[in-house]
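> Submitted below is the structure of interest, expressed as C-alpha cells.
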Amino acid sequence: MSLLPILRFPDPRLKKKAAPVRSIDESIIRLARDMAETMYEAPGIGLAATQVDVHQRVIVIDVSETRDQPLSLVNPEIVDSQGQQVCEEGCLSVPGIYDKVARAENVVVRYLDLEGEEKTIEADGLLAVCLQHEIEHLDGKIFVEHLSQLKQMRIKAKLAKQAKITA
Ligand code: K2U
Ligand code: ZN
C-alpha cells in the first residue's frame with residue numbers, strides 16, 4: 001500500500017471533472033486501498049480520487065469513531081436529497097481553513113462497491129456532509145467555492161504565504 005500526495009488548493013487539477021470508472025479492475029481496487037491509507041494518515045474522514053490527481057470517480061469515507069470502517073464508492077451519484085444543514089467543513093486540499101457550508105441534511109447515494117455490486121446508501125448528519133463534499137470533488141468543486149469571493153481571495157493569499165514560508 002502507498003501514501004499518495006494530496007493536491008493543494010488552488011491547484012487547477014482540483015477543478016478537473018472525474019470520468020466514470022468503466023471497469024473495476026485491480027488498478028481501481030489498489031487506488032481505493034491507497035486512498036484509504038492516505039485518508040487515515042492525513043487524518044481525514046473522506047478523500048476523493050481527484051485530490052490525489054487521479055481523475056476517476058472513486059471516493060473513500062470513514063466517519064466511524066473506531067476509524068476501521070472504510071467505505072469505497074465507485075461512480076457515486078446522489079439520487080435524492082432532502083432538507084438542509086449547516087456544518088463547519090475543512091478539506092485536506094485546503095489545510096488550516098474551516099468554514100460553514102450549507103448542504104442537504106439527508107442524501108440517498110447510489111454507487112458500485114469494489115466487487116462491482118450496485119449499492120444504495122441513505123445518509124444523514126456527518127456522513128451526508130462527507131458524501132456531498134467528496135462527490136463535489138469528483139465534479140471539480142472545492143468547499144471554499146461555497147464561500148464569498150472575498151473569503152476565497154483571503155484563503156488563496158493565506159495559502160500562498162504559507163507556501164512561500166515552507167518553500
Ligand atoms: O475531502 C476532504 O478533504 C476530506 C475532508 C472531508 C470532510 C470535510 C468536511 C466535513 C466532512 C468531511 C476531511 O476529512 S477534512 C478533515 C476533517 C476531519 C474530521 C472531521 C471533519 C473534517
Ligand atoms: Zn475536501
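In the C-alpha cells, the first chain shown is A, the next is B, and so on; residue numbers restart at 1 for each chain, and ligands run from 1 in the order shown.
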Around ligand 1, at most 6 Å away and counting only C-alpha atoms and all ligand atoms, which residues are there? Put them as a PyMOL selection string, please.

chain A and resi 44-47+89-93+129-130+134

> Restricting it to all heavy atoms, dump the selection as a compact mmCIF listing (two decimals), in the first residue's frame.


# COMPACT_ATOMS: atom_id res chain seq x y z
N GLY A 44 -8.10 12.21 7.86
CA GLY A 44 -9.36 12.77 7.38
C GLY A 44 -10.46 11.74 7.49
O GLY A 44 -10.22 10.60 7.85
N ILE A 45 -11.68 12.15 7.14
CA ILE A 45 -12.81 11.21 7.18
C ILE A 45 -13.34 10.93 5.79
O ILE A 45 -14.32 10.23 5.61
CB ILE A 45 -13.95 11.71 8.11
CG1 ILE A 45 -14.42 13.11 7.68
CG2 ILE A 45 -13.49 11.73 9.56
CD1 ILE A 45 -15.62 13.60 8.47
N GLY A 46 -12.64 11.50 4.79
CA GLY A 46 -13.02 11.24 3.40
C GLY A 46 -11.89 11.63 2.49
O GLY A 46 -10.98 12.38 2.89
N LEU A 47 -11.91 11.14 1.27
CA LEU A 47 -10.91 11.53 0.26
C LEU A 47 -11.47 11.16 -1.11
O LEU A 47 -12.08 10.08 -1.27
CB LEU A 47 -9.58 10.81 0.49
CG LEU A 47 -8.39 11.30 -0.33
CD1 LEU A 47 -7.97 12.72 0.07
CD2 LEU A 47 -7.20 10.34 -0.17
N GLU A 89 -16.87 22.90 7.79
CA GLU A 89 -16.10 21.96 6.97
C GLU A 89 -14.63 22.36 6.88
O GLU A 89 -14.27 23.52 7.03
CB GLU A 89 -16.71 21.88 5.55
CG GLU A 89 -18.12 21.34 5.55
CD GLU A 89 -18.59 20.91 4.17
OE1 GLU A 89 -17.75 20.75 3.26
OE2 GLU A 89 -19.81 20.74 4.01
N GLY A 90 -13.82 21.34 6.63
CA GLY A 90 -12.42 21.54 6.30
C GLY A 90 -12.15 20.71 5.05
O GLY A 90 -13.07 20.08 4.52
N CYS A 91 -10.90 20.70 4.59
CA CYS A 91 -10.57 19.92 3.40
C CYS A 91 -9.09 19.62 3.39
O CYS A 91 -8.27 20.52 3.66
CB CYS A 91 -10.97 20.69 2.14
SG CYS A 91 -10.63 19.79 0.61
N LEU A 92 -8.72 18.40 3.10
CA LEU A 92 -7.30 18.03 3.09
C LEU A 92 -6.53 18.77 2.00
O LEU A 92 -5.31 18.85 2.02
CB LEU A 92 -7.16 16.52 2.94
CG LEU A 92 -7.77 15.71 4.07
CD1 LEU A 92 -7.68 14.22 3.78
CD2 LEU A 92 -7.13 16.05 5.41
N SER A 93 -7.29 19.33 1.03
CA SER A 93 -6.63 20.10 -0.03
C SER A 93 -6.55 21.59 0.30
O SER A 93 -5.98 22.38 -0.47
CB SER A 93 -7.38 19.92 -1.37
OG SER A 93 -7.26 18.57 -1.79
N VAL A 129 -22.88 14.92 4.90
CA VAL A 129 -22.00 16.06 4.55
C VAL A 129 -20.77 15.55 3.80
O VAL A 129 -20.40 16.07 2.74
CB VAL A 129 -21.56 16.82 5.83
CG1 VAL A 129 -20.49 17.86 5.50
CG2 VAL A 129 -22.76 17.48 6.50
N CYS A 130 -20.18 14.48 4.33
CA CYS A 130 -18.95 13.95 3.72
C CYS A 130 -19.21 13.43 2.31
O CYS A 130 -18.44 13.70 1.39
CB CYS A 130 -18.41 12.84 4.63
SG CYS A 130 -16.71 12.43 4.27
N GLU A 134 -17.30 14.95 -0.90
CA GLU A 134 -16.41 14.14 -1.76
C GLU A 134 -16.92 14.07 -3.19
O GLU A 134 -16.13 14.14 -4.14
CB GLU A 134 -16.26 12.72 -1.18
CG GLU A 134 -15.73 12.65 0.22
CD GLU A 134 -14.46 13.45 0.44
OE1 GLU A 134 -13.71 13.72 -0.53
OE2 GLU A 134 -14.22 13.84 1.57

> Could you list, as a JSON list (two decimals) with N, CA and C atoms, in the first residue's frame, all residues that come within 12 Å of ligand 2? Count only C-alpha atoms and all ligand atoms.


[["chain", "number", "residue", "atom", "x", "y", "z"],
["A", 6, "ILE", "N", -1.37, 14.64, -1.80],
["A", 6, "ILE", "CA", -2.68, 15.31, -1.93],
["A", 6, "ILE", "C", -2.48, 16.68, -2.56],
["A", 7, "LEU", "N", -3.22, 16.95, -3.64],
["A", 7, "LEU", "CA", -3.14, 18.26, -4.31],
["A", 7, "LEU", "C", -3.65, 19.35, -3.38],
["A", 8, "ARG", "N", -3.01, 20.52, -3.45],
["A", 8, "ARG", "CA", -3.40, 21.64, -2.60],
["A", 8, "ARG", "C", -4.08, 22.74, -3.42],
["A", 9, "PHE", "N", -5.19, 23.28, -2.91],
["A", 9, "PHE", "CA", -5.86, 24.45, -3.49],
["A", 9, "PHE", "C", -4.87, 25.59, -3.57],
["A", 14, "LEU", "N", -7.41, 20.30, -9.38],
["A", 14, "LEU", "CA", -8.56, 20.04, -8.49],
["A", 14, "LEU", "C", -9.88, 20.44, -9.14],
["A", 39, "MET", "N", -6.01, 8.69, 3.51],
["A", 39, "MET", "CA", -7.03, 9.37, 4.31],
["A", 39, "MET", "C", -6.76, 9.19, 5.81],
["A", 42, "ALA", "N", -3.76, 11.20, 7.01],
["A", 42, "ALA", "CA", -3.82, 12.68, 6.89],
["A", 42, "ALA", "C", -3.97, 13.40, 8.25],
["A", 43, "PRO", "N", -4.88, 13.17, 9.15],
["A", 43, "PRO", "CA", -6.03, 12.24, 9.04],
["A", 43, "PRO", "C", -7.27, 12.95, 8.51],
["A", 44, "GLY", "N", -8.10, 12.21, 7.86],
["A", 44, "GLY", "CA", -9.36, 12.77, 7.38],
["A", 44, "GLY", "C", -10.46, 11.74, 7.49],
["A", 45, "ILE", "N", -11.68, 12.15, 7.14],
["A", 45, "ILE", "CA", -12.81, 11.21, 7.18],
["A", 45, "ILE", "C", -13.34, 10.93, 5.79],
["A", 46, "GLY", "N", -12.64, 11.50, 4.79],
["A", 46, "GLY", "CA", -13.02, 11.24, 3.40],
["A", 46, "GLY", "C", -11.89, 11.63, 2.49],
["A", 47, "LEU", "N", -11.91, 11.14, 1.27],
["A", 47, "LEU", "CA", -10.91, 11.53, 0.26],
["A", 47, "LEU", "C", -11.47, 11.16, -1.11],
["A", 48, "ALA", "N", -11.29, 12.08, -2.07],
["A", 48, "ALA", "CA", -11.75, 11.83, -3.45],
["A", 48, "ALA", "C", -10.53, 11.60, -4.33],
["A", 49, "ALA", "N", -10.67, 10.78, -5.36],
["A", 49, "ALA", "CA", -9.54, 10.46, -6.25],
["A", 49, "ALA", "C", -8.97, 11.73, -6.90],
["A", 50, "THR", "N", -9.84, 12.71, -7.13],
["A", 50, "THR", "CA", -9.39, 13.98, -7.70],
["A", 50, "THR", "C", -8.26, 14.60, -6.88],
["A", 51, "GLN", "N", -8.40, 14.45, -5.54],
["A", 51, "GLN", "CA", -7.42, 15.08, -4.64],
["A", 51, "GLN", "C", -6.03, 14.45, -4.74],
["A", 52, "VAL", "N", -5.97, 13.22, -5.25],
["A", 52, "VAL", "CA", -4.65, 12.57, -5.44],
["A", 52, "VAL", "C", -4.30, 12.50, -6.93],
["A", 59, "ILE", "N", -14.40, 7.53, -4.44],
["A", 59, "ILE", "CA", -14.21, 8.21, -3.16],
["A", 59, "ILE", "C", -14.10, 7.17, -2.05],
["A", 60, "VAL", "N", -13.41, 7.52, -0.97],
["A", 60, "VAL", "CA", -13.36, 6.67, 0.23],
["A", 60, "VAL", "C", -13.80, 7.53, 1.41],
["A", 61, "ILE", "N", -14.50, 6.90, 2.34],
["A", 61, "ILE", "CA", -15.05, 7.60, 3.51],
["A", 61, "ILE", "C", -14.96, 6.69, 4.72],
["A", 89, "GLU", "N", -16.87, 22.90, 7.79],
["A", 89, "GLU", "CA", -16.10, 21.96, 6.97],
["A", 89, "GLU", "C", -14.63, 22.36, 6.88],
["A", 90, "GLY", "N", -13.82, 21.34, 6.63],
["A", 90, "GLY", "CA", -12.42, 21.54, 6.30],
["A", 90, "GLY", "C", -12.15, 20.71, 5.05],
["A", 91, "CYS", "N", -10.90, 20.70, 4.59],
["A", 91, "CYS", "CA", -10.57, 19.92, 3.40],
["A", 91, "CYS", "C", -9.09, 19.62, 3.39],
["A", 92, "LEU", "N", -8.72, 18.40, 3.10],
["A", 92, "LEU", "CA", -7.30, 18.03, 3.09],
["A", 92, "LEU", "C", -6.53, 18.77, 2.00],
["A", 93, "SER", "N", -7.29, 19.33, 1.03],
["A", 93, "SER", "CA", -6.63, 20.10, -0.03],
["A", 93, "SER", "C", -6.55, 21.59, 0.30],
["A", 94, "VAL", "N", -7.16, 21.98, 1.43],
["A", 94, "VAL", "CA", -7.14, 23.39, 1.86],
["A", 94, "VAL", "C", -6.77, 23.41, 3.35],
["A", 95, "PRO", "N", -5.54, 23.02, 3.68],
["A", 95, "PRO", "CA", -5.16, 22.84, 5.08],
["A", 95, "PRO", "C", -5.31, 24.10, 5.93],
["A", 96, "GLY", "N", -5.88, 23.91, 7.12],
["A", 96, "GLY", "CA", -5.97, 25.03, 8.07],
["A", 96, "GLY", "C", -7.14, 25.96, 7.86],
["A", 97, "ILE", "N", -7.98, 25.66, 6.86],
["A", 97, "ILE", "CA", -9.13, 26.53, 6.58],
["A", 97, "ILE", "C", -10.41, 25.78, 6.92],
["A", 98, "TYR", "N", -11.25, 26.42, 7.75],
["A", 98, "TYR", "CA", -12.53, 25.81, 8.15],
["A", 98, "TYR", "C", -13.61, 26.87, 8.05],
["A", 129, "VAL", "N", -22.88, 14.92, 4.90],
["A", 129, "VAL", "CA", -22.00, 16.06, 4.55],
["A", 129, "VAL", "C", -20.77, 15.55, 3.80],
["A", 130, "CYS", "N", -20.18, 14.48, 4.33],
["A", 130, "CYS", "CA", -18.95, 13.95, 3.72],
["A", 130, "CYS", "C", -19.21, 13.43, 2.31],
["A", 131, "LEU", "N", -20.32, 12.72, 2.11],
["A", 131, "LEU", "CA", -20.66, 12.22, 0.77],
["A", 131, "LEU", "C", -20.79, 13.37, -0.22],
["A", 132, "GLN", "N", -21.49, 14.45, 0.19],
["A", 132, "GLN", "CA", -21.67, 15.60, -0.71],
["A", 132, "GLN", "C", -20.34, 16.29, -0.99],
["A", 133, "HIS", "N", -19.50, 16.42, 0.07],
["A", 133, "HIS", "CA", -18.19, 17.06, -0.06],
["A", 133, "HIS", "C", -17.30, 16.29, -1.05],
["A", 134, "GLU", "N", -17.30, 14.95, -0.90],
["A", 134, "GLU", "CA", -16.41, 14.14, -1.76],
["A", 134, "GLU", "C", -16.92, 14.07, -3.19],
["A", 135, "ILE", "N", -18.24, 13.94, -3.37],
["A", 135, "ILE", "CA", -18.79, 13.86, -4.73],
["A", 135, "ILE", "C", -18.58, 15.19, -5.45],
["A", 136, "GLU", "N", -18.63, 16.29, -4.68],
["A", 136, "GLU", "CA", -18.31, 17.60, -5.28],
["A", 136, "GLU", "C", -16.88, 17.63, -5.80],
["A", 137, "HIS", "N", -15.95, 17.03, -5.05],
["A", 137, "HIS", "CA", -14.55, 16.98, -5.51],
["A", 137, "HIS", "C", -14.48, 16.31, -6.89],
["A", 138, "LEU", "N", -15.25, 15.23, -7.08],
["A", 138, "LEU", "CA", -15.23, 14.50, -8.37],
["A", 138, "LEU", "C", -15.74, 15.37, -9.52],
["A", 139, "ASP", "N", -16.54, 16.40, -9.14],
["A", 139, "ASP", "CA", -17.05, 17.33, -10.17],
["A", 139, "ASP", "C", -16.19, 18.57, -10.28],
["A", 140, "GLY", "N", -15.00, 18.52, -9.64],
["A", 140, "GLY", "CA", -14.05, 19.64, -9.76],
["A", 140, "GLY", "C", -14.39, 20.83, -8.89],
["A", 141, "LYS", "N", -15.17, 20.59, -7.82],
["A", 141, "LYS", "CA", -15.58, 21.71, -6.95],
["A", 141, "LYS", "C", -15.03, 21.48, -5.54],
["A", 142, "ILE", "N", -14.55, 22.57, -4.92],
["A", 142, "ILE", "CA", -13.97, 22.53, -3.57],
["A", 142, "ILE", "C", -14.87, 23.32, -2.64],
["A", 143, "PHE", "N", -14.92, 22.96, -1.36],
["A", 143, "PHE", "CA", -15.90, 23.56, -0.43],
["A", 143, "PHE", "C", -15.74, 25.08, -0.35],
["A", 144, "VAL", "N", -14.53, 25.61, -0.56],
["A", 144, "VAL", "CA", -14.34, 27.07, -0.45],
["A", 144, "VAL", "C", -15.16, 27.82, -1.52],
["A", 145, "GLU", "N", -15.55, 27.12, -2.59],
["A", 145, "GLU", "CA", -16.35, 27.79, -3.65],
["A", 145, "GLU", "C", -17.76, 28.11, -3.17]]

> If you run DSSP on this backbone, which residues of stretch 24-159 of chain A come out as helix (DSSP H, G or I), and could you give them as JSON, numbers by chain?

{"A": [26, 27, 28, 29, 30, 31, 32, 33, 34, 35, 36, 37, 38, 39, 40, 41, 49, 50, 51, 52, 125, 126, 127, 128, 129, 130, 131, 132, 133, 134, 135, 136, 137, 138, 143, 144, 145, 146, 149, 150, 151, 152, 153, 154, 155, 156, 157, 158, 159]}

> Take the residues from that selection and write them out as a compact mmCIF listing (two decimals), in the first residue's frame, keeping C-alpha atoms.


# COMPACT_ATOMS: atom_id res chain seq x y z
CA GLU A 26 -7.01 -4.34 -9.91
CA SER A 27 -5.86 -0.77 -10.52
CA ILE A 28 -9.13 0.67 -9.11
CA ILE A 29 -9.03 -1.66 -6.11
CA ARG A 30 -5.43 -0.67 -5.39
CA LEU A 31 -6.33 3.04 -5.84
CA ALA A 32 -9.13 2.73 -3.25
CA ARG A 33 -6.77 0.97 -0.84
CA ASP A 34 -4.07 3.62 -1.25
CA MET A 35 -6.66 6.41 -0.89
CA ALA A 36 -7.92 4.88 2.37
CA GLU A 37 -4.37 4.64 3.72
CA THR A 38 -3.74 8.26 2.70
CA MET A 39 -7.03 9.37 4.31
CA TYR A 40 -6.27 7.67 7.65
CA GLU A 41 -2.74 9.09 7.69
CA ALA A 49 -9.54 10.46 -6.25
CA THR A 50 -9.39 13.98 -7.70
CA GLN A 51 -7.42 15.08 -4.64
CA VAL A 52 -4.65 12.57 -5.44
CA GLY A 125 -25.51 14.04 9.61
CA LEU A 126 -21.75 13.94 9.08
CA LEU A 127 -21.91 11.04 6.60
CA ALA A 128 -24.31 13.02 4.40
CA VAL A 129 -22.00 16.06 4.55
CA CYS A 130 -18.95 13.95 3.72
CA LEU A 131 -20.66 12.22 0.77
CA GLN A 132 -21.67 15.60 -0.71
CA HIS A 133 -18.19 17.06 -0.06
CA GLU A 134 -16.41 14.14 -1.76
CA ILE A 135 -18.79 13.86 -4.73
CA GLU A 136 -18.31 17.60 -5.28
CA HIS A 137 -14.55 16.98 -5.51
CA LEU A 138 -15.23 14.50 -8.37
CA PHE A 143 -15.90 23.56 -0.43
CA VAL A 144 -14.34 27.07 -0.45
CA GLU A 145 -16.35 27.79 -3.65
CA HIS A 146 -19.43 27.93 -1.40
CA GLN A 149 -15.32 35.83 -3.28
CA LEU A 150 -13.65 37.91 -0.55
CA LYS A 151 -13.16 34.85 1.66
CA GLN A 152 -11.79 32.86 -1.30
CA MET A 153 -9.30 35.65 -2.09
CA ARG A 154 -8.16 35.75 1.55
CA ILE A 155 -7.78 31.95 1.62
CA LYS A 156 -5.67 31.97 -1.58
CA ALA A 157 -3.47 34.75 -0.16
CA LYS A 158 -3.04 32.87 3.15
CA LEU A 159 -2.11 29.58 1.45

> Report as number ranges by chain: the residues of chain A with a DSSP assignment of strand (DSSP E), based on the backbone of this structure.

A: 46-48, 58-61, 71-82, 85-89, 99-103, 106-112, 118-124

> Work out how far atom CA of A:Asp53 is from atom CA of A:Lys16, in Å to one decimal.

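So the answer is 9.2 Å.
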
> Skip A:Val74 itself and residues of its chain fewer than 4 positions away, then list as a list in words all residues within 8 Å of it, counting only C-alpha atoms.

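Result of the neighbour search: Val21, Arg57, Val58, Ile59, Tyr111, Leu112, Asp113 and Leu114 of chain A.
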
> Considering only C-alpha atoms, can you say which of A:Ala18, A:Ile121, A:Leu73, A:Leu147 comes closest to A:Val108?

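Residue with the minimum atom-to-atom distance to A:Val108: A:Ile121.
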
> As a ChimeraX atom specification, please: the residues near A:Arg103 (cut-off 7 Å, only C-alpha atoms, same-chain neighbours under 6 positions excluded).

/A:84-86,129

> Counting only C-alpha atoms, which residue out of A:Cys87, A:Pro20, A:Thr166, A:Ser81 sits closest to A:Val109?

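Smallest distance to A:Val109 is found for A:Ser81.
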
> Kindly indicate which residue among A:Val101, A:Gly116, A:Leu3, A:Val107 lies nearest to A:Ser72, using only C-alpha atoms for the distances.

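For A:Ser72, the nearest of the candidates is A:Gly116.
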
> Please report the interatomic distance between atom CA of A:Lys164 and atom CA of A:Val54 in Å with one decimal.

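Between atom CA of A:Lys164 and atom CA of A:Val54 the gap works out to 26.3 Å.
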
> May I have the residues within 7 Å of A:Asn106 as a list in words, using only C-alpha atoms and disregarding those fewer than 2 positions away in the same chain?

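So, after excluding close chain neighbours, the residues are Ser81, Gln82, Gly83, Ala104, Ala123, Asp124 and Ala128 of chain A.
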